[in-house]
Each structure stands twice: as structure tokens, then as C-alpha cells.
>>> print(open('model25.txt').read())   # compact mmCIF, N, CA and C atoms
# COMPACT_ATOMS: atom_id res chain seq x y z
N MET A 98 8.58 -15.70 -5.81
CA MET A 98 7.56 -14.71 -5.48
C MET A 98 7.01 -14.10 -6.77
N ASP A 99 5.72 -14.02 -6.85
CA ASP A 99 5.07 -13.41 -8.01
C ASP A 99 4.87 -11.91 -7.79
N ILE A 100 5.20 -11.12 -8.80
CA ILE A 100 4.89 -9.69 -8.77
C ILE A 100 3.65 -9.54 -9.63
N LYS A 101 2.57 -9.03 -9.02
CA LYS A 101 1.28 -8.95 -9.69
C LYS A 101 0.87 -7.51 -9.95
N ALA A 102 0.00 -7.34 -10.94
CA ALA A 102 -0.54 -6.02 -11.24
C ALA A 102 -1.45 -5.58 -10.10
N ARG A 103 -1.24 -4.37 -9.61
CA ARG A 103 -2.09 -3.84 -8.53
C ARG A 103 -3.40 -3.31 -9.07
N ILE A 104 -3.37 -2.83 -10.33
CA ILE A 104 -4.55 -2.28 -10.98
C ILE A 104 -4.50 -2.68 -12.45
N PRO A 105 -5.63 -2.66 -13.16
CA PRO A 105 -5.60 -2.98 -14.58
C PRO A 105 -4.90 -1.87 -15.36
N GLY A 106 -4.23 -2.25 -16.44
CA GLY A 106 -3.54 -1.25 -17.27
C GLY A 106 -2.82 -1.91 -18.43
N THR A 107 -1.95 -1.13 -19.08
CA THR A 107 -1.17 -1.58 -20.23
C THR A 107 0.31 -1.47 -19.90
N ILE A 108 1.06 -2.52 -20.15
CA ILE A 108 2.50 -2.53 -19.88
C ILE A 108 3.17 -1.61 -20.91
N THR A 109 3.95 -0.63 -20.40
CA THR A 109 4.63 0.32 -21.29
C THR A 109 6.14 0.10 -21.34
N ALA A 110 6.71 -0.57 -20.34
CA ALA A 110 8.15 -0.85 -20.34
C ALA A 110 8.46 -2.01 -19.42
N ILE A 111 9.44 -2.81 -19.82
CA ILE A 111 10.02 -3.86 -18.98
C ILE A 111 11.49 -3.50 -18.83
N LYS A 112 11.94 -3.31 -17.61
CA LYS A 112 13.30 -2.81 -17.38
C LYS A 112 14.26 -3.88 -16.87
N VAL A 113 13.83 -5.13 -16.86
CA VAL A 113 14.68 -6.23 -16.40
C VAL A 113 14.68 -7.35 -17.43
N ASN A 114 15.65 -8.24 -17.30
CA ASN A 114 15.73 -9.44 -18.12
C ASN A 114 15.80 -10.65 -17.20
N VAL A 115 15.47 -11.82 -17.73
CA VAL A 115 15.59 -13.05 -16.96
C VAL A 115 17.05 -13.18 -16.51
N GLY A 116 17.23 -13.49 -15.23
CA GLY A 116 18.57 -13.64 -14.66
C GLY A 116 19.09 -12.40 -13.97
N ASP A 117 18.44 -11.25 -14.16
CA ASP A 117 18.87 -10.02 -13.50
C ASP A 117 18.61 -10.09 -11.99
N ALA A 118 19.54 -9.55 -11.22
CA ALA A 118 19.35 -9.41 -9.78
C ALA A 118 18.68 -8.06 -9.53
N VAL A 119 17.68 -8.03 -8.66
CA VAL A 119 17.00 -6.79 -8.31
C VAL A 119 17.00 -6.63 -6.79
N GLN A 120 16.95 -5.38 -6.36
CA GLN A 120 16.85 -5.06 -4.94
C GLN A 120 15.41 -4.64 -4.64
N ALA A 121 15.06 -4.66 -3.39
CA ALA A 121 13.72 -4.21 -2.97
C ALA A 121 13.50 -2.78 -3.46
N ARG A 122 12.36 -2.52 -4.00
CA ARG A 122 11.91 -1.22 -4.51
C ARG A 122 12.52 -0.82 -5.84
N ASP A 123 13.37 -1.67 -6.45
CA ASP A 123 13.83 -1.39 -7.82
C ASP A 123 12.63 -1.40 -8.75
N VAL A 124 12.60 -0.50 -9.71
CA VAL A 124 11.50 -0.46 -10.68
C VAL A 124 11.81 -1.49 -11.76
N ILE A 125 10.94 -2.48 -11.88
CA ILE A 125 11.16 -3.54 -12.87
C ILE A 125 10.44 -3.27 -14.19
N GLY A 126 9.53 -2.29 -14.17
CA GLY A 126 8.80 -1.93 -15.38
C GLY A 126 7.80 -0.83 -15.07
N THR A 127 7.06 -0.44 -16.10
CA THR A 127 6.01 0.57 -15.91
C THR A 127 4.75 0.14 -16.65
N MET A 128 3.65 0.66 -16.18
CA MET A 128 2.38 0.42 -16.86
C MET A 128 1.58 1.70 -16.88
N GLU A 129 0.73 1.83 -17.88
CA GLU A 129 -0.17 2.97 -17.96
C GLU A 129 -1.51 2.53 -17.40
N ALA A 130 -1.97 3.29 -16.42
CA ALA A 130 -3.26 3.00 -15.81
C ALA A 130 -3.90 4.33 -15.45
N MET A 131 -5.13 4.51 -15.78
CA MET A 131 -5.87 5.73 -15.49
C MET A 131 -5.13 6.95 -16.05
N LYS A 132 -4.58 6.81 -17.26
CA LYS A 132 -3.90 7.91 -17.98
C LYS A 132 -2.60 8.35 -17.30
N MET A 133 -2.05 7.52 -16.40
CA MET A 133 -0.82 7.85 -15.71
C MET A 133 0.17 6.69 -15.81
N GLU A 134 1.46 7.01 -15.84
CA GLU A 134 2.50 5.99 -15.79
C GLU A 134 2.65 5.53 -14.34
N GLN A 135 2.56 4.24 -14.13
CA GLN A 135 2.68 3.67 -12.79
C GLN A 135 3.93 2.78 -12.75
N PRO A 136 4.88 3.04 -11.85
CA PRO A 136 6.04 2.17 -11.73
C PRO A 136 5.63 0.83 -11.12
N ILE A 137 6.33 -0.22 -11.50
CA ILE A 137 6.11 -1.54 -10.93
C ILE A 137 7.37 -1.88 -10.13
N PRO A 138 7.32 -1.76 -8.79
CA PRO A 138 8.50 -2.00 -7.97
C PRO A 138 8.64 -3.47 -7.56
N ALA A 139 9.88 -3.88 -7.34
CA ALA A 139 10.14 -5.21 -6.78
C ALA A 139 9.85 -5.14 -5.28
N PRO A 140 9.05 -6.04 -4.74
CA PRO A 140 8.72 -5.98 -3.32
C PRO A 140 9.86 -6.42 -2.41
N LYS A 141 10.81 -7.19 -2.97
CA LYS A 141 11.97 -7.65 -2.19
C LYS A 141 13.10 -7.95 -3.16
N ALA A 142 14.28 -8.16 -2.62
CA ALA A 142 15.44 -8.51 -3.44
C ALA A 142 15.29 -9.93 -3.97
N GLY A 143 15.84 -10.17 -5.15
CA GLY A 143 15.79 -11.50 -5.74
C GLY A 143 16.36 -11.50 -7.14
N THR A 144 16.16 -12.61 -7.83
CA THR A 144 16.61 -12.78 -9.20
C THR A 144 15.39 -13.01 -10.08
N VAL A 145 15.35 -12.34 -11.23
CA VAL A 145 14.22 -12.49 -12.14
C VAL A 145 14.27 -13.90 -12.75
N LYS A 146 13.24 -14.68 -12.46
CA LYS A 146 13.15 -16.06 -12.97
C LYS A 146 12.36 -16.12 -14.27
N GLU A 147 11.29 -15.32 -14.35
CA GLU A 147 10.41 -15.37 -15.53
C GLU A 147 9.70 -14.03 -15.71
N ILE A 148 9.56 -13.62 -16.96
CA ILE A 148 8.79 -12.42 -17.30
C ILE A 148 7.56 -12.91 -18.08
N LYS A 149 6.38 -12.66 -17.54
CA LYS A 149 5.15 -13.21 -18.11
C LYS A 149 4.39 -12.24 -18.99
N VAL A 150 4.88 -11.00 -19.15
CA VAL A 150 4.19 -10.00 -19.96
C VAL A 150 5.18 -9.35 -20.93
N ALA A 151 4.65 -8.66 -21.91
CA ALA A 151 5.46 -7.93 -22.88
C ALA A 151 4.89 -6.51 -23.00
N VAL A 152 5.71 -5.61 -23.52
CA VAL A 152 5.25 -4.25 -23.75
C VAL A 152 4.02 -4.28 -24.65
N GLY A 153 3.00 -3.53 -24.25
CA GLY A 153 1.75 -3.48 -25.01
C GLY A 153 0.66 -4.40 -24.48
N ASP A 154 1.04 -5.36 -23.63
CA ASP A 154 0.03 -6.27 -23.06
C ASP A 154 -0.91 -5.51 -22.13
N LYS A 155 -2.19 -5.83 -22.22
CA LYS A 155 -3.18 -5.30 -21.28
C LYS A 155 -3.30 -6.33 -20.16
N VAL A 156 -3.21 -5.87 -18.92
CA VAL A 156 -3.24 -6.78 -17.78
C VAL A 156 -4.40 -6.43 -16.85
N LYS A 157 -4.84 -7.44 -16.12
CA LYS A 157 -5.93 -7.28 -15.16
C LYS A 157 -5.34 -7.23 -13.75
N THR A 158 -6.11 -6.72 -12.81
CA THR A 158 -5.69 -6.71 -11.41
C THR A 158 -5.38 -8.13 -10.97
N GLY A 159 -4.21 -8.31 -10.34
CA GLY A 159 -3.83 -9.62 -9.83
C GLY A 159 -3.08 -10.50 -10.82
N GLU A 160 -2.97 -10.07 -12.06
CA GLU A 160 -2.27 -10.87 -13.06
C GLU A 160 -0.77 -10.87 -12.76
N VAL A 161 -0.13 -12.05 -12.88
CA VAL A 161 1.31 -12.16 -12.61
C VAL A 161 2.09 -11.52 -13.75
N LEU A 162 3.01 -10.60 -13.38
CA LEU A 162 3.81 -9.89 -14.37
C LEU A 162 5.22 -10.49 -14.45
N VAL A 163 5.84 -10.69 -13.30
CA VAL A 163 7.22 -11.18 -13.21
C VAL A 163 7.32 -12.14 -12.03
N VAL A 164 8.16 -13.16 -12.18
CA VAL A 164 8.40 -14.10 -11.09
C VAL A 164 9.85 -13.91 -10.62
N LEU A 165 10.01 -13.69 -9.30
CA LEU A 165 11.33 -13.58 -8.67
C LEU A 165 11.61 -14.85 -7.89
N GLU A 166 12.88 -15.20 -7.80
CA GLU A 166 13.26 -16.32 -6.91
C GLU A 166 14.28 -15.85 -5.91
>>> encode(input="model25.txt", output="C-alpha cells")
Amino acid sequence: MDIKARIPGTITAIKVNVGDAVQARDVIGTMEAMKMEQPIPAPKAGTVKEIKVAVGDKVKTGEVLVVLE
């Protein structure tokens, strides 16, 4: 499952590593959008397969941030 950016912004933190298990609604990172910190929640439980962004990256709406399996 792909976790995508809901709105455009800048990644400010990544709180998971590849191989980490996450539960639904766990915060996997944060982004700054519209001058506010926005949490990026996991939509369901799974294992982090791939992280496609880094801190400081500017992302567009719909861009894949993290892949869960």
C-alpha cells in the first residue's frame, strides 16, 4: 500500500525505518504545509517496505511517500 501526500508541502521528519512494523494511525512522519506541521499517519497496520522521500524534500499532492506491505 502506498502512503501518499494529501497536500503539497515539505517533509520535516521521517519517524520510521525500512522494516519497522506500524499500526493503523501511527505517525510515520511530518510535513510542513500551509505554515503548519501536518502528521502523516499510517492508514493501516503493516511493515515499512520503502521510504521514497527524505527530510527537506518538497512533495506534490498524490506523491508516494512510503510503501507499506
>>> residues_around(input="model25.txt", residues="Glu160 in chain A", least_positions_apart="2", cutoff="9 Å", atoms="only C-alpha atoms", output="PyMOL selection string")
chain A and resi 100-103+105+156-158+162
>>> closest_residue(input="model25.txt", among="A:Ile111, A:Met98, A:Met133, A:Ala121", to="Val150 in chain A", atoms="all atoms listed in the file")
A:Ile111
>>> residues_around(input="model25.txt", residues="Gly153 in chain A", least_positions_apart="2", cutoff="6.5 Å", atoms="all atoms listed in the file", output="JSON list (two decimals) with N, CA and C atoms, keeping the file's coordinate frame")
[["chain", "number", "residue", "atom", "x", "y", "z"],
["A", 107, "THR", "N", -1.95, -1.13, -19.08],
["A", 107, "THR", "CA", -1.17, -1.58, -20.23],
["A", 107, "THR", "C", 0.31, -1.47, -19.90],
["A", 108, "ILE", "N", 1.06, -2.52, -20.15],
["A", 108, "ILE", "CA", 2.50, -2.53, -19.88],
["A", 108, "ILE", "C", 3.17, -1.61, -20.91],
["A", 109, "THR", "N", 3.95, -0.63, -20.40],
["A", 109, "THR", "CA", 4.63, 0.32, -21.29],
["A", 109, "THR", "C", 6.14, 0.10, -21.34],
["A", 110, "ALA", "N", 6.71, -0.57, -20.34],
["A", 110, "ALA", "CA", 8.15, -0.85, -20.34],
["A", 110, "ALA", "C", 8.46, -2.01, -19.42],
["A", 151, "ALA", "N", 4.65, -8.66, -21.91],
["A", 151, "ALA", "CA", 5.46, -7.93, -22.88],
["A", 151, "ALA", "C", 4.89, -6.51, -23.00],
["A", 155, "LYS", "N", -2.19, -5.83, -22.22],
["A", 155, "LYS", "CA", -3.18, -5.30, -21.28],
["A", 155, "LYS", "C", -3.30, -6.33, -20.16]]
>>> residues_near_point(input="model25.txt", point="(11.2, 1.8, -7.4)", cutoff="7 Å", atoms="only N, CA and C atoms", output="PyMOL selection string")
chain A and resi 121-125+136-139
>>> atom_distance(input="model25.txt", atom1="CA of Val152 in chain A", atom2="CA of Lys112 in chain A")
10.4 Å
